file work_4.cif (mmCIF, C-alpha atoms)
data_coords
#
loop_
_atom_site.label_atom_id
_atom_site.label_comp_id
_atom_site.auth_asym_id
_atom_site.auth_seq_id
_atom_site.Cartn_x
_atom_site.Cartn_y
_atom_site.Cartn_z
CA MET A 1 53.28 136.42 -146.40
CA ASP A 2 56.75 136.89 -147.94
CA THR A 3 57.69 139.90 -150.03
CA GLU A 4 57.31 138.11 -153.37
CA ASN A 5 53.81 136.98 -152.52
CA LEU A 6 52.94 140.45 -151.33
CA ILE A 7 54.18 142.01 -154.60
CA SER A 8 52.36 139.39 -156.64
CA HIS A 9 49.13 139.99 -154.70
CA ALA A 10 49.45 143.78 -155.09
CA ARG A 11 50.01 143.43 -158.84
CA ALA A 12 47.04 141.12 -159.21
CA ARG A 13 44.86 143.63 -157.33
CA PHE A 14 46.18 146.42 -159.54
CA ASP A 15 45.29 144.50 -162.70
CA HIS A 16 41.86 143.62 -161.42
CA GLU A 17 41.09 147.19 -160.42
CA SER A 18 42.38 148.45 -163.81
CA ALA A 19 40.11 146.01 -165.61
CA LYS A 20 37.15 147.08 -163.46
CA ARG A 21 37.87 150.72 -164.19
CA THR A 22 38.07 150.00 -167.92
CA LEU A 23 34.71 148.24 -167.79
CA ARG A 24 33.24 151.22 -165.95
CA GLU A 25 34.53 153.62 -168.65
CA LYS A 26 33.04 151.43 -171.37
CA TYR A 27 29.60 151.13 -169.82
CA GLN A 28 29.38 154.70 -168.59
CA ALA A 29 29.81 155.72 -172.22
CA LYS A 30 27.11 153.27 -173.31
CA LEU A 31 24.68 154.72 -170.76
CA ILE A 32 24.80 158.11 -172.51
CA PHE A 33 22.26 159.00 -175.16
CA ALA A 34 20.71 162.03 -176.83
CA TYR A 35 17.08 163.01 -176.40
CA ALA A 36 15.18 166.22 -177.13
CA GLY A 37 18.40 168.03 -178.08
CA GLY A 38 20.04 167.15 -174.77
CA MET A 39 22.56 164.57 -173.64
CA TRP A 40 21.54 162.22 -170.82
CA GLN A 41 23.09 159.46 -168.80
CA ALA A 42 20.81 156.64 -167.73
CA GLY A 43 21.10 156.03 -163.99
CA PRO A 44 19.23 155.87 -160.68
CA GLU A 45 19.15 159.66 -160.23
CA LEU A 46 17.42 160.27 -163.55
CA ILE A 47 15.10 157.29 -163.10
CA ASN A 48 14.08 158.54 -159.64
CA ILE A 49 13.26 162.08 -160.71
CA LEU A 50 11.30 160.85 -163.72
CA THR A 51 9.41 158.26 -161.64
CA ALA A 52 8.56 160.90 -159.02
CA SER A 53 7.21 163.18 -161.75
CA LEU A 54 5.13 160.34 -163.12
CA GLU A 55 3.70 159.54 -159.68
CA SER A 56 2.79 163.16 -158.97
CA GLY A 57 1.06 163.45 -162.34
CA GLN A 58 3.10 166.57 -163.07
CA GLN A 59 2.54 168.30 -166.41
CA GLY A 60 5.80 168.87 -168.27
CA LEU A 61 9.21 168.70 -166.70
CA VAL A 62 12.35 170.74 -167.19
CA LEU A 63 15.62 168.94 -166.49
CA LEU A 64 19.28 169.86 -166.79
CA ASP A 65 21.11 167.61 -169.25
CA LEU A 66 24.79 166.60 -169.00
CA TYR A 67 25.77 170.00 -170.41
CA GLU A 68 23.66 171.71 -167.74
CA THR A 69 21.24 172.98 -170.36
CA PRO A 70 17.61 173.20 -169.17
CA ILE A 71 15.40 171.13 -171.45
CA MET A 72 11.63 170.50 -171.42
CA VAL A 73 11.13 166.74 -171.63
CA ASP A 74 8.25 164.34 -172.07
CA TYR A 75 9.03 162.46 -168.88
CA LYS A 76 7.06 159.34 -169.76
CA GLU A 77 8.97 158.94 -173.00
CA LEU A 78 12.32 159.74 -171.37
CA LEU A 79 11.66 157.36 -168.46
CA LYS A 80 11.00 154.52 -170.90
CA LEU A 81 14.26 155.24 -172.74
CA VAL A 82 16.28 155.56 -169.53
CA ARG A 83 14.94 152.35 -167.99
CA GLU A 84 15.54 150.37 -171.18
CA ARG A 85 19.09 151.62 -171.55
CA TRP A 86 19.91 151.18 -167.87
CA GLN A 87 18.71 147.55 -167.82
CA GLU A 88 20.29 146.64 -171.13
CA GLN A 89 23.71 148.06 -170.32
CA LEU A 90 23.81 146.96 -166.68
CA ASN A 91 23.00 143.38 -167.74
CA ALA A 92 25.84 143.46 -170.27
CA TRP A 93 28.13 145.04 -167.64
CA LEU A 94 27.30 142.25 -165.16
CA ILE A 95 28.13 139.54 -167.70
CA GLU A 96 31.50 141.11 -168.46
CA TYR A 97 32.21 141.67 -164.78
CA GLU A 98 31.51 138.02 -163.95
CA THR A 99 33.80 136.92 -166.77
CA LEU A 100 36.49 139.19 -165.37
CA ASN A 101 36.10 137.66 -161.90
CA GLN A 102 36.32 134.14 -163.34
CA ASN A 103 39.56 135.09 -165.08
CA ARG A 104 41.08 136.01 -161.71
CA MET B 1 20.04 169.26 -191.03
CA THR B 2 22.44 167.49 -193.46
CA THR B 3 24.99 165.32 -191.70
CA GLY B 4 28.12 163.46 -192.79
CA ALA B 5 31.61 162.42 -191.82
CA LEU B 6 35.00 163.68 -192.99
CA ILE B 7 38.20 161.66 -192.76
CA PHE B 8 41.57 163.22 -193.58
CA ALA B 9 43.90 160.61 -195.03
CA ARG B 10 47.24 160.80 -196.81
CA ASN B 11 49.53 157.84 -197.09
CA ASN B 12 53.11 157.90 -195.88
CA GLU B 13 56.02 155.47 -196.28
CA GLN B 14 54.50 152.90 -193.93
CA ILE B 15 50.76 153.39 -193.61
CA ASP B 16 47.97 153.23 -196.15
CA TYR B 17 45.71 155.79 -194.48
CA VAL B 18 43.46 156.02 -197.54
CA ALA B 19 42.60 152.31 -197.37
CA MET B 20 41.99 152.74 -193.65
CA ALA B 21 39.66 155.67 -194.35
CA HIS B 22 37.66 153.69 -196.96
CA TRP B 23 37.32 150.82 -194.49
CA SER B 24 36.20 153.24 -191.78
CA ALA B 25 33.68 154.86 -194.14
CA LYS B 26 31.90 151.50 -194.46
CA ASN B 27 31.70 151.18 -190.68
CA ILE B 28 30.39 154.74 -190.39
CA GLU B 29 27.68 154.07 -192.97
CA ARG B 30 26.71 150.80 -191.25
CA HIS B 31 26.53 152.15 -187.69
CA LEU B 32 25.74 155.84 -188.05
CA GLY B 33 23.92 155.82 -191.38
CA ILE B 34 25.76 158.87 -192.70
CA PRO B 35 27.95 159.37 -195.79
CA THR B 36 31.70 159.95 -195.56
CA HIS B 37 34.00 162.15 -197.62
CA ILE B 38 37.70 161.35 -197.57
CA VAL B 39 40.09 164.29 -197.91
CA THR B 40 43.36 163.13 -199.45
CA ASN B 41 45.04 166.27 -200.80
CA ASP B 42 46.79 167.30 -197.60
CA ALA B 43 49.19 170.24 -197.73
CA PRO B 44 52.85 169.26 -198.30
CA SER B 45 54.64 168.50 -195.07
CA THR B 46 58.26 168.31 -194.07
CA ASN B 47 57.43 167.15 -190.56
CA THR B 48 58.17 163.71 -189.24
CA ARG B 49 56.77 161.89 -186.25
CA HIS B 50 57.95 158.78 -184.48
CA PHE B 51 55.59 155.90 -183.69
CA THR B 52 56.74 152.89 -181.70
CA ASP B 53 55.19 150.43 -184.17
CA VAL B 54 56.23 151.90 -187.53
CA GLY B 55 59.22 154.09 -186.65
CA THR B 56 59.75 157.62 -187.95
CA VAL B 57 57.46 158.57 -190.81
CA THR B 58 56.44 161.70 -192.70
CA TRP B 59 53.64 163.36 -190.77
CA HIS B 60 50.89 164.69 -193.02
CA ASN B 61 48.45 166.13 -190.59
CA HIS B 62 48.39 169.84 -191.11
CA ASN B 63 45.06 170.71 -192.61
CA ARG B 64 42.45 169.42 -190.19
CA MET B 65 41.24 172.99 -189.70
CA ASP B 66 40.13 172.98 -193.34
CA ALA B 67 37.27 170.71 -192.28
CA TYR B 68 35.05 173.73 -191.70
CA ARG B 69 35.66 175.07 -195.21
CA LEU B 70 35.58 171.69 -196.97
CA THR B 71 32.55 170.08 -195.45
CA PRO B 72 29.42 169.96 -197.61
CA TRP B 73 27.26 169.28 -194.54
CA GLU B 74 25.63 171.42 -191.90
CA ARG B 75 26.69 168.95 -189.21
CA THR B 76 30.01 167.15 -189.59
CA LEU B 77 31.81 164.40 -187.78
CA VAL B 78 35.58 164.61 -188.34
CA LEU B 79 37.35 161.36 -187.55
CA ASP B 80 40.95 160.18 -187.64
CA ALA B 81 41.45 157.35 -190.11
CA ASP B 82 42.61 155.16 -187.22
CA TYR B 83 39.44 155.67 -185.17
CA VAL B 84 37.43 152.45 -185.31
CA VAL B 85 33.65 152.87 -185.40
CA ALA B 86 32.27 149.63 -183.97
CA SER B 87 28.97 150.86 -182.52
CA ASP B 88 26.35 153.56 -182.89
CA GLN B 89 27.74 155.45 -179.88
CA LEU B 90 28.54 158.57 -181.92
CA LYS B 91 24.88 158.97 -182.90
CA SER B 92 24.30 160.71 -179.58
CA VAL B 93 27.07 163.19 -180.42
CA LEU B 94 25.43 163.92 -183.76
CA GLU B 95 22.09 164.52 -182.05
CA ALA B 96 23.50 166.82 -179.34
CA ASP B 97 22.49 170.47 -179.47
CA GLN B 98 26.11 171.70 -179.46
CA ASP B 99 28.21 173.64 -181.97
CA PHE B 100 31.46 171.79 -181.34
CA LEU B 101 32.39 168.65 -179.41
CA ALA B 102 35.60 166.67 -178.94
CA HIS B 103 37.05 164.32 -176.35
CA LYS B 104 38.78 165.87 -173.37
CA GLN B 105 40.17 162.66 -171.88
CA ALA B 106 41.49 159.40 -173.29
CA TYR B 107 42.25 156.14 -171.49
CA ASP B 108 44.05 152.90 -172.24
CA VAL B 109 41.53 150.09 -172.75
CA THR B 110 43.90 147.55 -171.18
CA GLY B 111 44.49 149.73 -168.13
CA SER B 112 48.23 149.16 -168.43
CA ASN B 113 49.20 152.72 -169.35
CA ASN B 114 48.46 155.86 -167.42
CA PHE B 115 47.33 158.51 -169.90
CA GLN B 116 47.85 161.44 -167.56
CA GLY B 117 50.81 162.61 -169.64
CA LEU B 118 48.84 162.24 -172.86
CA ASN B 119 45.82 164.13 -171.56
CA THR B 120 47.89 167.26 -171.00
CA PHE B 121 50.51 169.14 -173.00
CA GLY B 122 53.35 171.56 -172.35
CA ASP B 123 55.33 172.25 -169.17
CA ASN B 124 52.26 173.81 -167.57
CA CYS B 125 50.22 170.62 -168.11
CA MET B 126 47.44 172.35 -170.03
CA PRO B 127 44.43 170.07 -170.55
CA MET B 128 44.60 168.48 -173.98
CA TRP B 129 41.57 168.02 -176.20
CA TRP B 130 41.78 165.16 -178.68
CA ALA B 131 41.19 166.02 -182.35
CA THR B 132 40.61 162.30 -183.07
CA VAL B 133 36.82 162.77 -183.03
CA MET B 134 35.33 166.22 -183.60
CA MET B 135 31.69 167.07 -184.20
CA PHE B 136 30.76 170.54 -185.38
CA ARG B 137 27.86 172.29 -186.97
CA LYS B 138 28.13 175.35 -189.16
CA SER B 139 28.13 178.16 -186.62
CA LYS B 140 30.08 181.21 -185.53
CA GLN B 141 31.58 179.26 -182.62
CA ALA B 142 32.84 176.38 -184.77
CA GLU B 143 34.22 178.79 -187.38
CA LEU B 144 36.11 180.66 -184.67
CA ILE B 145 37.60 177.41 -183.36
CA PHE B 146 38.82 176.31 -186.81
CA ASP B 147 40.09 179.80 -187.70
CA SER B 148 41.99 179.85 -184.41
CA MET B 149 43.51 176.44 -185.21
CA GLN B 150 44.73 177.81 -188.51
CA MET B 151 46.24 180.87 -186.81
CA ILE B 152 47.97 178.58 -184.32
CA ARG B 153 49.33 176.31 -187.05
CA ASP B 154 50.60 179.30 -189.07
CA ASN B 155 52.34 180.70 -185.99
CA TRP B 156 53.24 177.38 -184.39
CA ASN B 157 56.60 178.43 -182.98
CA HIS B 158 55.01 181.37 -181.19
CA TYR B 159 52.24 179.26 -179.62
CA ARG B 160 54.65 176.45 -178.83
CA ALA B 161 56.77 178.89 -176.83
CA LEU B 162 53.74 180.53 -175.23
CA TYR B 163 52.41 177.20 -173.96
CA LYS B 164 55.91 175.91 -173.12
CA ASN B 165 55.47 172.96 -175.42
CA SER B 166 58.80 171.15 -175.82
CA LYS B 167 57.52 169.06 -178.76
CA SER B 168 58.45 170.79 -182.01
CA THR B 169 56.16 168.72 -184.26
CA TYR B 170 52.82 170.40 -184.88
CA ARG B 171 49.89 168.37 -183.58
CA ASN B 172 46.23 168.99 -184.25
CA ASP B 173 45.43 167.99 -180.66
CA HIS B 174 47.60 170.79 -179.31
CA ALA B 175 46.27 173.34 -181.79
CA LEU B 176 42.70 172.34 -180.96
CA SER B 177 43.35 172.64 -177.22
CA ILE B 178 44.79 176.14 -177.62
CA ALA B 179 42.00 177.13 -180.03
CA LEU B 180 39.28 175.99 -177.62
CA GLY B 181 40.94 178.10 -174.95
CA ILE B 182 40.90 181.16 -177.21
CA ALA B 183 37.31 180.59 -178.35
CA ASN B 184 36.11 180.23 -174.77
CA GLY B 185 37.88 183.23 -173.29
CA HIS B 186 40.62 181.05 -171.74
CA THR B 187 38.15 179.66 -169.22
CA LEU B 188 39.07 176.00 -169.95
CA ASP B 189 35.33 175.54 -169.91
CA HIS B 190 34.10 173.93 -173.10
CA ALA B 191 31.48 171.24 -173.61
CA GLY B 192 33.09 167.94 -174.54
CA ILE B 193 31.99 164.48 -175.59
CA PRO B 194 30.73 163.15 -172.25
CA TRP B 195 32.79 159.98 -172.18
CA GLN B 196 36.46 159.22 -172.46
CA LEU B 197 38.18 158.25 -175.70
CA ALA B 198 38.95 154.53 -175.56
CA SER B 199 42.50 154.09 -176.85
CA LEU B 200 44.76 151.22 -177.69
CA THR B 201 48.51 151.82 -177.61
CA PRO B 202 50.80 150.23 -180.23
CA GLU B 203 52.55 147.70 -177.95
CA HIS B 204 49.35 145.64 -177.61
CA ARG B 205 48.31 143.12 -180.25
CA LEU B 206 45.06 143.91 -182.05
CA THR B 207 43.13 141.33 -184.08
CA GLN B 208 39.63 141.34 -185.47
CA LEU B 209 37.18 138.66 -184.29
CA ASP B 210 34.16 139.72 -186.31
CA PRO B 211 33.12 142.98 -188.01
CA ASP B 212 32.49 144.77 -184.71
CA SER B 213 34.58 142.97 -182.13
CA TYR B 214 38.32 142.95 -181.65
CA ARG B 215 40.70 141.04 -179.45
CA VAL B 216 43.50 142.85 -177.65
CA ASP B 217 46.39 140.78 -176.31
CA TYR B 218 48.62 142.46 -173.78
CA ILE B 219 51.05 141.78 -170.98
CA ASN B 220 49.85 142.86 -167.55
CA THR B 221 51.93 144.22 -164.66
CA GLU B 222 52.58 140.65 -163.45
CA ASN B 223 54.14 139.98 -166.87
CA LYS B 224 51.34 137.57 -167.63
CA PRO B 225 49.62 137.46 -171.01
CA ARG B 226 46.04 138.71 -170.88
CA TRP B 227 43.40 139.53 -173.46
CA ILE B 228 40.19 141.50 -173.64
CA THR B 229 37.47 141.80 -176.24
CA LEU B 230 36.59 145.26 -177.52
CA THR B 231 33.02 145.77 -178.69
CA GLN B 232 33.08 149.55 -178.65
CA ASP B 233 34.53 152.42 -180.67
CA PHE B 234 38.24 152.98 -180.06
CA HIS B 235 41.29 154.87 -181.25
CA ALA B 236 43.84 152.38 -182.61
CA MET B 237 47.12 154.11 -181.92
CA GLY B 238 48.93 151.06 -183.33
CA LYS B 239 48.44 152.00 -186.93
CA GLN B 240 50.35 149.09 -188.41
CA GLN B 241 48.10 146.49 -186.78
CA LEU B 242 44.96 148.30 -187.87
CA GLY B 243 46.50 148.54 -191.35
CA GLU B 244 46.88 144.74 -191.40
CA ILE B 245 43.23 144.28 -190.39
CA VAL B 246 42.13 146.67 -193.12
CA ALA B 247 44.32 144.95 -195.71
CA ASN B 248 42.87 141.55 -194.78
CA THR B 249 39.29 142.82 -194.88
CA CYS B 250 39.34 144.70 -198.17
#
call {"tool": "encode", "arguments": {"input": "work_4.cif", "output": "structure tokens"}}
result
Amino acid sequence: MDTENLISHARARFDHESAKRTLREKYQAKLIFAYAGGMWQAGPELINILTASLESGQQGLVLLDLYETPIMVDYKELLKLVRERWQEQLNAWLIEYETLNQNR
Amino acid sequence: MTTGALIFARNNEQIDYVAMAHWSAKNIERHLGIPTHIVTNDAPSTNTRHFTDVGTVTWHNHNRMDAYRLTPWERTLVLDADYVVASDQLKSVLEADQDFLAHKQAYDVTGSNNFQGLNTFGDNCMPMWWATVMMFRKSKQAELIFDSMQMIRDNWNHYRALYKNSKSTYRNDHALSIALGIANGHTLDHAGIPWQLASLTPEHRLTQLDPDSYRVDYINTENKPRWITLTQDFHAMGKQQLGEIVANTC
């Protein structure tokens, strides 16, 4: 590979990674929502802890929100909200990501 | 709790900020379902500021700290006139159990500019908080932050020297950053809006596709033309282009 090709390849990679990072910023923001006075980000970690609480039949659950404030949540209600948001935003993210890859 | 938005807007030689604010108020009502008051009687200013798209203009931006005194609401969202509300994203900020929130980081939506220099200020690279979007509720903490901003503005040369800020023009972002430091015991530890402020710099071309989506044309590092669609809230730093969109919409 000559130098010009190498530079061109590096620039293309840079642009692609920048675009990916921008998409990540956009969708990470869209995964955030308020509930019970706290701020939450939908994601596997939150889904897992809520699912585990549901399976163990636990009564009441205190979680730390994004501001590290302990909040008593209705985990069934929160789990529904988190799953919905996660699916909705990840689907939209995938569509935009595939468009980005096609543009390459 | 009563909730509403405040937009500070005063026209200068090049930009019709008041029209921009009226346009934004409609978007705020549509997406967030809250009323907006537009503050237009800014204090007289002799400052100027240079923007790459409109050149050097009179900079009327000195009374943002009056938001606390002027707001008729218990919970207030203060927005720059050039902040485009294109989603209901800020609803979560309005529902958060916090006295004061603002953005700590901004990024370029095209990825072509590194905002590291814009996310700090002064020779010591102090973290900069953006006054573009501020949420506060009537509280001791919020009052202290706005009072501190006023003290900083009134003694700008002192604080500018203290923070080794080479820029002589007063900026609300800098005053807010210093005020948050004071109000939090200089711990640099203050709750912020938990996502970065999407920003669009003036060299990129902004056009509106439909009421809530915008096209951004830019040149990438390979010098090739590229475009992206924005369907989110963003800070339009290219005020002239946003002004054209507003003029064509109204």
call {"tool": "residues_around", "arguments": {"input": "work_4.cif", "residues": "B:Arg153", "least_positions_apart": "3", "cutoff": "8 Å", "atoms": "all atoms listed in the file", "output": "NGL selection string"}}
result
:B and (62 or 149-150 or 156 or 170 or 175)
call {"tool": "interface_residues", "arguments": {"input": "work_4.cif", "of": "chain B", "to": "chain A", "cutoff": "10 Å", "atoms": "all atoms listed in the file", "output": "ChimeraX atom specification"}}
result
/B:87-98,107-113,190-198,220-223,226,228-233
call {"tool": "atom_distance", "arguments": {"input": "work_4.cif", "atom1": "atom CA of B:Gly243", "atom2": "atom CA of B:Phe115"}}
result
23.7 Å
call {"tool": "resolve_selection", "arguments": {"input": "work_4.cif", "expression": "the PyMOL selection byres ((chain B and resi 205-207) around 12)", "output": "JSON, numbers by chain"}}
result
{"B": [53, 84, 109, 110, 199, 200, 201, 202, 203, 204, 208, 209, 210, 211, 212, 213, 214, 215, 216, 217, 218, 219, 225, 226, 227, 228, 229, 230, 234, 235, 236, 237, 238, 239, 240, 241, 242, 243, 244, 245, 246, 248, 249]}
call {"tool": "atom_distance", "arguments": {"input": "work_4.cif", "atom1": "atom CA of B:Leu6", "atom2": "atom CA of B:Ala25"}}
result
9.0 Å
call {"tool": "axis_aligned_box", "arguments": {"input": "work_4.cif", "around": "stretch 14-20 of chain A", "padding_each_side": "6 Å", "output": "lines of an AutoDock Vina configuration file"}}
result
center_x = 41.7
center_y = 146.0
center_z = -162.6
size_x = 21.0
size_y = 16.8
size_z = 18.1
call {"tool": "resolve_selection", "arguments": {"input": "work_4.cif", "expression": "the PyMOL selection byres ((chain A and resi 60) around 7)", "output": "PyMOL selection string"}}
result
chain A and resi 58-59+61-62+72-74
call {"tool": "build_atoms", "arguments": {"input": "work_4.cif", "residues": "stretch 119-149 of chain B", "atoms": "N, CA and C atoms", "output": "short mmCIF file (atom, residue, chain, number, x, y, z; two decimals), keeping the file's coordinate frame"}}
result
data_model
loop_
_atom_site.label_atom_id
_atom_site.label_comp_id
_atom_site.auth_asym_id
_atom_site.auth_seq_id
_atom_site.Cartn_x
_atom_site.Cartn_y
_atom_site.Cartn_z
N ASN B 119 47.01 163.28 -171.66
CA ASN B 119 45.82 164.13 -171.56
C ASN B 119 46.15 165.58 -171.23
N THR B 120 47.45 165.88 -171.21
CA THR B 120 47.89 167.26 -171.00
C THR B 120 49.01 167.55 -172.00
N PHE B 121 49.36 168.81 -172.15
CA PHE B 121 50.51 169.14 -173.00
C PHE B 121 51.25 170.34 -172.42
N GLY B 122 52.53 170.42 -172.78
CA GLY B 122 53.35 171.56 -172.35
C GLY B 122 53.79 171.44 -170.89
N ASP B 123 54.79 172.29 -170.53
CA ASP B 123 55.33 172.25 -169.17
C ASP B 123 54.29 172.62 -168.12
N ASN B 124 53.28 173.38 -168.53
CA ASN B 124 52.26 173.81 -167.57
C ASN B 124 51.09 172.82 -167.47
N CYS B 125 51.25 171.67 -168.14
CA CYS B 125 50.22 170.62 -168.11
C CYS B 125 48.83 171.15 -168.45
N MET B 126 48.75 171.86 -169.57
CA MET B 126 47.44 172.35 -170.03
C MET B 126 46.60 171.15 -170.44
N PRO B 127 45.30 171.19 -170.14
CA PRO B 127 44.43 170.07 -170.55
C PRO B 127 44.44 169.92 -172.07
N MET B 128 44.56 168.68 -172.54
CA MET B 128 44.60 168.48 -173.98
C MET B 128 43.27 167.91 -174.49
N TRP B 129 42.76 168.53 -175.51
CA TRP B 129 41.57 168.02 -176.20
C TRP B 129 42.03 167.19 -177.38
N TRP B 130 41.37 166.07 -177.62
CA TRP B 130 41.78 165.16 -178.68
C TRP B 130 41.03 165.50 -179.98
N ALA B 131 41.81 165.71 -181.05
CA ALA B 131 41.19 166.02 -182.35
C ALA B 131 40.81 164.74 -183.10
N THR B 132 40.91 163.59 -182.45
CA THR B 132 40.61 162.30 -183.07
C THR B 132 39.16 162.22 -183.53
N VAL B 133 38.26 162.72 -182.69
CA VAL B 133 36.82 162.77 -183.03
C VAL B 133 36.35 164.20 -182.76
N MET B 134 35.87 164.86 -183.80
CA MET B 134 35.33 166.22 -183.60
C MET B 134 33.97 166.28 -184.28
N MET B 135 33.00 166.84 -183.58
CA MET B 135 31.69 167.07 -184.20
C MET B 135 31.48 168.58 -184.21
N PHE B 136 31.10 169.11 -185.36
CA PHE B 136 30.76 170.54 -185.38
C PHE B 136 29.59 170.79 -186.30
N ARG B 137 28.88 171.86 -186.02
CA ARG B 137 27.86 172.29 -186.97
C ARG B 137 28.23 173.69 -187.42
N LYS B 138 27.80 174.03 -188.61
CA LYS B 138 28.13 175.35 -189.16
C LYS B 138 27.61 176.41 -188.20
N SER B 139 28.50 177.17 -187.64
CA SER B 139 28.13 178.16 -186.62
C SER B 139 29.31 179.10 -186.41
N LYS B 140 29.03 180.22 -185.81
CA LYS B 140 30.08 181.21 -185.53
C LYS B 140 31.14 180.60 -184.61
N GLN B 141 30.67 179.85 -183.60
CA GLN B 141 31.58 179.26 -182.62
C GLN B 141 32.55 178.28 -183.28
N ALA B 142 31.99 177.38 -184.12
CA ALA B 142 32.84 176.38 -184.77
C ALA B 142 33.82 177.06 -185.74
N GLU B 143 33.35 178.07 -186.44
CA GLU B 143 34.22 178.79 -187.38
C GLU B 143 35.38 179.44 -186.63
N LEU B 144 35.07 180.01 -185.48
CA LEU B 144 36.11 180.66 -184.67
C LEU B 144 37.15 179.64 -184.20
N ILE B 145 36.67 178.46 -183.83
CA ILE B 145 37.60 177.41 -183.36
C ILE B 145 38.54 176.99 -184.50
N PHE B 146 37.97 176.76 -185.69
CA PHE B 146 38.82 176.31 -186.81
C PHE B 146 39.74 177.43 -187.31
N ASP B 147 39.23 178.67 -187.31
CA ASP B 147 40.09 179.80 -187.70
C ASP B 147 41.25 179.95 -186.71
N SER B 148 40.94 179.75 -185.44
CA SER B 148 41.99 179.85 -184.41
C SER B 148 43.03 178.75 -184.60
N MET B 149 42.56 177.54 -184.96
CA MET B 149 43.51 176.44 -185.21
C MET B 149 44.44 176.80 -186.35
#
